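Report on the following structure.
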Amino acid sequence: MKQHFMMFAAYNQWANGRIYDAADDLDDEEFNRDVGAFFGSLMGTLNHLLVADRIWMKRFTGEGAAPTTLDAILYRALPVLRTAREAEDRRIIDWLGGLNDKALSGRFTYMTLSDMRTVSQRLAPALAHVFNHQTHHRGHAHMILTVLGRPSVPLDLAHFQRTEEGRAFA
């Protein structure tokens, strides 16, 4: 199970990097343009991905800052947002690397943001949600980049597994 989640953490880092690379030459207007995605713009979408990961990592570890709303804007400039994203991806990989199978099969308890109730659940399904959530909203980011006239960015897990960094997980 640990290897499975380490693969998704490495894939997540790789795919996020590809999205940020594709967005690197956007001007401020393009980065902030509301194109009708769930979080409006690429700026809103990429902030949401970072926000959600920080919320979940706070739940998992008890450490770090956790925004109180899912649409919080942490950083308005792409370079600063990218630096924060890279740090969060590294944090996730490092944290997962320190877990064992017993921890992955264990439970944790947290308070929801939407209706302020306490939830206790197993860690492994929550981790599956976190990585699935990233993939879901990266799809939105991909769509936004396409709407802005950027080329499609291959983000398939199989594509990652054929790269140097992903080959260990194939």
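The chains in the structure tokens are called A, B, ... from first to last as shown; in each chain the residues are counted from 1, and the ligands are counted from 1 in the order shown.
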Notebook entry, point to check: stretch 53-157 of chain A: which residues are helix (DSSP H, G or I) by DSSP, as a PyMOL selection string?
Noted result: chain A and resi 53-61+78-97+101-104+123-147+157
Next item on the list: Excluding A:Phe108 and any residue of its chain fewer than 3 positions from it, enumerate the residues within 7 Å of it, using only C-alpha atoms, and give them as a PyMOL selection string.
Entry: chain A and resi 120-123
Notebook entry, point to check: Which of these residues is nearest to A:His48, using only C-alpha atoms: A:Leu96, A:Ala72, A:Val80, A:Ala65?
Noted result: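 For A:His48, the nearest of the candidates is A:Ala72.
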Next item on the list: Can you pull out every residue within 10 Å of A:Gly44, counting only C-alpha atoms, but drop anything in the same chain fewer than 4 positions away, and send it as a list in words?
Entry: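 So the residues in contact are Phe31, Asn32, Arg33, Asp34, Ala37, Phe38, Phe39, Gly40, His48, Leu49, Asp71, Ala72, Ile73, Leu74, Tyr75, Arg76 and Ala141 of chain A.
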Output of the above residues as an mmCIF file, in the first residue's frame, restricted to N, CA and C atoms:
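Result went into selection_7.cif, see below:
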```cif
data_model
loop_
_atom_site.group_PDB
_atom_site.id
_atom_site.type_symbol
_atom_site.label_atom_id
_atom_site.label_comp_id
_atom_site.auth_asym_id
_atom_site.auth_seq_id
_atom_site.Cartn_x
_atom_site.Cartn_y
_atom_site.Cartn_z
ATOM 1 N N PHE A 31 -3.795 34.468 -16.682
ATOM 2 C CA PHE A 31 -3.738 33.690 -15.444
ATOM 3 C C PHE A 31 -4.977 33.930 -14.584
ATOM 4 N N ASN A 32 -5.511 35.133 -14.628
ATOM 5 C CA ASN A 32 -6.667 35.501 -13.810
ATOM 6 C C ASN A 32 -8.004 35.429 -14.551
ATOM 7 N N ARG A 33 -7.994 35.141 -15.840
ATOM 8 C CA ARG A 33 -9.223 35.145 -16.642
ATOM 9 C C ARG A 33 -10.186 34.048 -16.187
ATOM 10 N N ASP A 34 -11.412 34.447 -15.893
ATOM 11 C CA ASP A 34 -12.464 33.492 -15.537
ATOM 12 C C ASP A 34 -12.974 32.861 -16.828
ATOM 13 N N ALA A 37 -14.475 27.675 -15.381
ATOM 14 C CA ALA A 37 -14.109 26.468 -14.632
ATOM 15 C C ALA A 37 -14.684 26.570 -13.219
ATOM 16 N N PHE A 38 -14.648 25.481 -12.479
ATOM 17 C CA PHE A 38 -15.252 25.451 -11.147
ATOM 18 C C PHE A 38 -14.711 26.570 -10.254
ATOM 19 N N PHE A 39 -13.409 26.812 -10.304
ATOM 20 C CA PHE A 39 -12.817 27.906 -9.539
ATOM 21 C C PHE A 39 -12.441 29.085 -10.431
ATOM 22 N N GLY A 40 -13.126 29.173 -11.574
ATOM 23 C CA GLY A 40 -13.030 30.320 -12.467
ATOM 24 C C GLY A 40 -11.797 30.332 -13.339
ATOM 25 N N HIS A 48 -6.818 26.560 -5.294
ATOM 26 C CA HIS A 48 -7.669 25.561 -4.654
ATOM 27 C C HIS A 48 -6.917 24.251 -4.423
ATOM 28 N N LEU A 49 -6.141 23.829 -5.395
ATOM 29 C CA LEU A 49 -5.381 22.590 -5.222
ATOM 30 C C LEU A 49 -4.416 22.687 -4.053
ATOM 31 N N ASP A 71 -12.045 28.106 -1.349
ATOM 32 C CA ASP A 71 -11.744 29.040 -2.433
ATOM 33 C C ASP A 71 -10.770 30.143 -2.012
ATOM 34 N N ALA A 72 -10.046 29.904 -0.918
ATOM 35 C CA ALA A 72 -9.068 30.892 -0.452
ATOM 36 C C ALA A 72 -8.010 31.127 -1.523
ATOM 37 N N ILE A 73 -7.586 32.354 -1.646
ATOM 38 C CA ILE A 73 -6.495 32.708 -2.553
ATOM 39 C C ILE A 73 -5.266 32.940 -1.682
ATOM 40 N N LEU A 74 -4.331 32.023 -1.781
ATOM 41 C CA LEU A 74 -3.114 32.108 -0.980
ATOM 42 C C LEU A 74 -2.056 32.972 -1.655
ATOM 43 N N TYR A 75 -1.971 32.836 -2.984
ATOM 44 C CA TYR A 75 -0.963 33.566 -3.754
ATOM 45 C C TYR A 75 -1.567 33.983 -5.087
ATOM 46 N N ARG A 76 -1.394 35.234 -5.456
ATOM 47 C CA ARG A 76 -1.942 35.741 -6.718
ATOM 48 C C ARG A 76 -0.942 35.673 -7.872
ATOM 49 N N ALA A 141 -7.488 22.553 -14.769
ATOM 50 C CA ALA A 141 -6.356 23.399 -15.145
ATOM 51 C C ALA A 141 -5.956 23.129 -16.599
#
```
Note to self: Quick one: residues within 12 Å of A:Val51, only C-alpha atoms, excluding same-chain residues fewer than 2 positions away - as an MDAnalysis selection string?
What the structure shows: chainID A and resid 44:49 53:58 64:75 81 84:85 88 130 133:134
Looking only at the backbone, which of the residues in chain A does DSSP tag as strand (DSSP E), as a PDB file with all heavy atoms, in the first residue's frame?
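Below you can see part21.pdb, which holds the result:
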```
ATOM      1  N   ARG A 107      -6.635   4.938  11.515  1.00  0.00           N
ATOM      2  CA  ARG A 107      -7.705   5.933  11.406  1.00  0.00           C
ATOM      3  C   ARG A 107      -7.191   7.289  11.871  1.00  0.00           C
ATOM      4  O   ARG A 107      -6.221   7.395  12.602  1.00  0.00           O
ATOM      5  CB  ARG A 107      -8.901   5.516  12.263  1.00  0.00           C
ATOM      6  CG  ARG A 107      -9.510   4.190  11.857  1.00  0.00           C
ATOM      7  CD  ARG A 107     -10.735   3.850  12.685  1.00  0.00           C
ATOM      8  NE  ARG A 107     -11.880   4.655  12.306  1.00  0.00           N
ATOM      9  CZ  ARG A 107     -12.661   4.412  11.255  1.00  0.00           C
ATOM     10  NH1 ARG A 107     -12.419   3.387  10.475  1.00  0.00           N
ATOM     11  NH2 ARG A 107     -13.695   5.194  10.988  1.00  0.00           N
ATOM     12  N   PHE A 108      -7.902   8.322  11.464  1.00  0.00           N
ATOM     13  CA  PHE A 108      -7.637   9.671  11.952  1.00  0.00           C
ATOM     14  C   PHE A 108      -8.976  10.386  12.069  1.00  0.00           C
ATOM     15  O   PHE A 108      -9.981   9.957  11.504  1.00  0.00           O
ATOM     16  CB  PHE A 108      -6.641  10.411  11.047  1.00  0.00           C
ATOM     17  CG  PHE A 108      -7.211  10.843   9.721  1.00  0.00           C
ATOM     18  CD1 PHE A 108      -7.452  12.189   9.461  1.00  0.00           C
ATOM     19  CD2 PHE A 108      -7.519   9.907   8.741  1.00  0.00           C
ATOM     20  CE1 PHE A 108      -7.975  12.575   8.232  1.00  0.00           C
ATOM     21  CE2 PHE A 108      -8.031  10.294   7.516  1.00  0.00           C
ATOM     22  CZ  PHE A 108      -8.264  11.634   7.259  1.00  0.00           C
ATOM     23  N   THR A 109      -8.993  11.455  12.818  1.00  0.00           N
ATOM     24  CA  THR A 109     -10.227  12.195  13.079  1.00  0.00           C
ATOM     25  C   THR A 109      -9.986  13.663  12.766  1.00  0.00           C
ATOM     26  O   THR A 109      -8.919  14.205  13.068  1.00  0.00           O
ATOM     27  CB  THR A 109     -10.646  12.033  14.562  1.00  0.00           C
ATOM     28  OG1 THR A 109     -10.809  10.635  14.817  1.00  0.00           O
ATOM     29  CG2 THR A 109     -11.934  12.766  14.877  1.00  0.00           C
ATOM     30  N   TYR A 110     -10.990  14.276  12.161  1.00  0.00           N
ATOM     31  CA  TYR A 110     -10.870  15.681  11.794  1.00  0.00           C
ATOM     32  C   TYR A 110     -12.250  16.337  11.779  1.00  0.00           C
ATOM     33  O   TYR A 110     -13.270  15.671  11.815  1.00  0.00           O
ATOM     34  CB  TYR A 110     -10.187  15.835  10.429  1.00  0.00           C
ATOM     35  CG  TYR A 110     -10.960  15.238   9.278  1.00  0.00           C
ATOM     36  CD1 TYR A 110     -11.838  16.014   8.522  1.00  0.00           C
ATOM     37  CD2 TYR A 110     -10.813  13.897   8.933  1.00  0.00           C
ATOM     38  CE1 TYR A 110     -12.554  15.474   7.470  1.00  0.00           C
ATOM     39  CE2 TYR A 110     -11.518  13.349   7.873  1.00  0.00           C
ATOM     40  CZ  TYR A 110     -12.384  14.136   7.148  1.00  0.00           C
ATOM     41  OH  TYR A 110     -13.086  13.602   6.112  1.00  0.00           O
ATOM     42  N   MET A 111     -12.241  17.656  11.691  1.00  0.00           N
ATOM     43  CA  MET A 111     -13.450  18.457  11.612  1.00  0.00           C
ATOM     44  C   MET A 111     -13.641  18.920  10.166  1.00  0.00           C
ATOM     45  O   MET A 111     -12.701  19.426   9.554  1.00  0.00           O
ATOM     46  CB  MET A 111     -13.338  19.685  12.526  1.00  0.00           C
ATOM     47  CG  MET A 111     -14.556  20.574  12.570  1.00  0.00           C
ATOM     48  SD  MET A 111     -15.886  19.933  13.583  1.00  0.00           S
ATOM     49  CE  MET A 111     -15.175  20.057  15.202  1.00  0.00           C
ATOM     50  N   THR A 118     -17.426  16.288  13.198  1.00  0.00           N
ATOM     51  CA  THR A 118     -16.253  15.458  13.404  1.00  0.00           C
ATOM     52  C   THR A 118     -16.410  14.163  12.617  1.00  0.00           C
ATOM     53  O   THR A 118     -17.456  13.514  12.675  1.00  0.00           O
ATOM     54  CB  THR A 118     -16.074  15.148  14.905  1.00  0.00           C
ATOM     55  OG1 THR A 118     -15.955  16.394  15.607  1.00  0.00           O
ATOM     56  CG2 THR A 118     -14.852  14.307  15.151  1.00  0.00           C
ATOM     57  N   VAL A 119     -15.356  13.825  11.887  1.00  0.00           N
ATOM     58  CA  VAL A 119     -15.340  12.611  11.070  1.00  0.00           C
ATOM     59  C   VAL A 119     -14.122  11.789  11.476  1.00  0.00           C
ATOM     60  O   VAL A 119     -13.031  12.328  11.655  1.00  0.00           O
ATOM     61  CB  VAL A 119     -15.251  12.960   9.565  1.00  0.00           C
ATOM     62  CG1 VAL A 119     -15.073  11.713   8.719  1.00  0.00           C
ATOM     63  CG2 VAL A 119     -16.463  13.748   9.132  1.00  0.00           C
ATOM     64  N   SER A 120     -14.325  10.495  11.610  1.00  0.00           N
ATOM     65  CA  SER A 120     -13.228   9.562  11.836  1.00  0.00           C
ATOM     66  C   SER A 120     -13.242   8.573  10.686  1.00  0.00           C
ATOM     67  O   SER A 120     -14.297   8.015  10.368  1.00  0.00           O
ATOM     68  CB  SER A 120     -13.406   8.838  13.179  1.00  0.00           C
ATOM     69  OG  SER A 120     -12.341   7.925  13.366  1.00  0.00           O
ATOM     70  N   GLN A 121     -12.095   8.390  10.045  1.00  0.00           N
ATOM     71  CA  GLN A 121     -12.034   7.476   8.915  1.00  0.00           C
ATOM     72  C   GLN A 121     -10.644   6.874   8.790  1.00  0.00           C
ATOM     73  O   GLN A 121      -9.691   7.347   9.416  1.00  0.00           O
ATOM     74  CB  GLN A 121     -12.447   8.166   7.625  1.00  0.00           C
ATOM     75  CG  GLN A 121     -11.454   9.179   7.097  1.00  0.00           C
ATOM     76  CD  GLN A 121     -11.917   9.793   5.793  1.00  0.00           C
ATOM     77  OE1 GLN A 121     -12.572  10.829   5.813  1.00  0.00           O
ATOM     78  NE2 GLN A 121     -11.589   9.176   4.679  1.00  0.00           N
ATOM     79  N   ARG A 122     -10.542   5.859   7.953  1.00  0.00           N
ATOM     80  CA  ARG A 122      -9.245   5.247   7.693  1.00  0.00           C
ATOM     81  C   ARG A 122      -8.405   6.176   6.820  1.00  0.00           C
ATOM     82  O   ARG A 122      -8.933   6.902   5.978  1.00  0.00           O
ATOM     83  CB  ARG A 122      -9.422   3.882   7.022  1.00  0.00           C
ATOM     84  CG  ARG A 122     -10.018   2.840   7.961  1.00  0.00           C
ATOM     85  CD  ARG A 122     -10.159   1.462   7.321  1.00  0.00           C
ATOM     86  NE  ARG A 122     -11.036   1.521   6.160  1.00  0.00           N
ATOM     87  CZ  ARG A 122     -10.717   1.045   4.967  1.00  0.00           C
ATOM     88  NH1 ARG A 122      -9.544   0.478   4.747  1.00  0.00           N
ATOM     89  NH2 ARG A 122     -11.571   1.127   3.955  1.00  0.00           N
TER      90      ARG A 122
END
```
Notebook entry, point to check: Quick one, how far is atom CA of A:Asn16 from atom CA of A:Trp95?
Noted result: 18.0 Å
Notebook entry, point to check: Can you tell me how far atom CA of A:Glu29 sits from atom CA of A:Ala15, in Å to one decimal?
Noted result: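 Those two atoms sit 23.7 Å apart.
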Checklist line | Length of the atom CA of A:Met7 to atom CA of A:Ala22 vector [Å] | finding: 22.5 Å
Item checked: Non-local contacts of stretch 89-94 of chain A (7 Å; only C-alpha atoms; under 6 positions in same chain excluded) as a PyMOL selection string -> chain A and resi 6+9+13
Item checked: Residue nearest A:Pro79 - candidates A:Ala10, A:Leu145, A:Met1, A:Ala23, atoms counted: only C-alpha atoms ->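 Nearest candidate to A:Pro79 out of A:Ala10, A:Leu145, A:Met1, A:Ala23: A:Ala23.
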Item checked: A:Thr163 surroundings by only C-alpha atoms, 12 Å radius, close-in-sequence under 4 positions cut, as JSON, numbers by chain -> {"A": [10, 11, 14, 15, 154, 155, 156, 157, 158, 159, 167, 168, 169, 170]}
Check: From the list A:His137, A:Ile19, A:Arg162, A:Thr146, which residue is nearest A:Ala52 when using only C-alpha atoms?
Finding: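 Result for the nearest residue to A:Ala52: A:His137.
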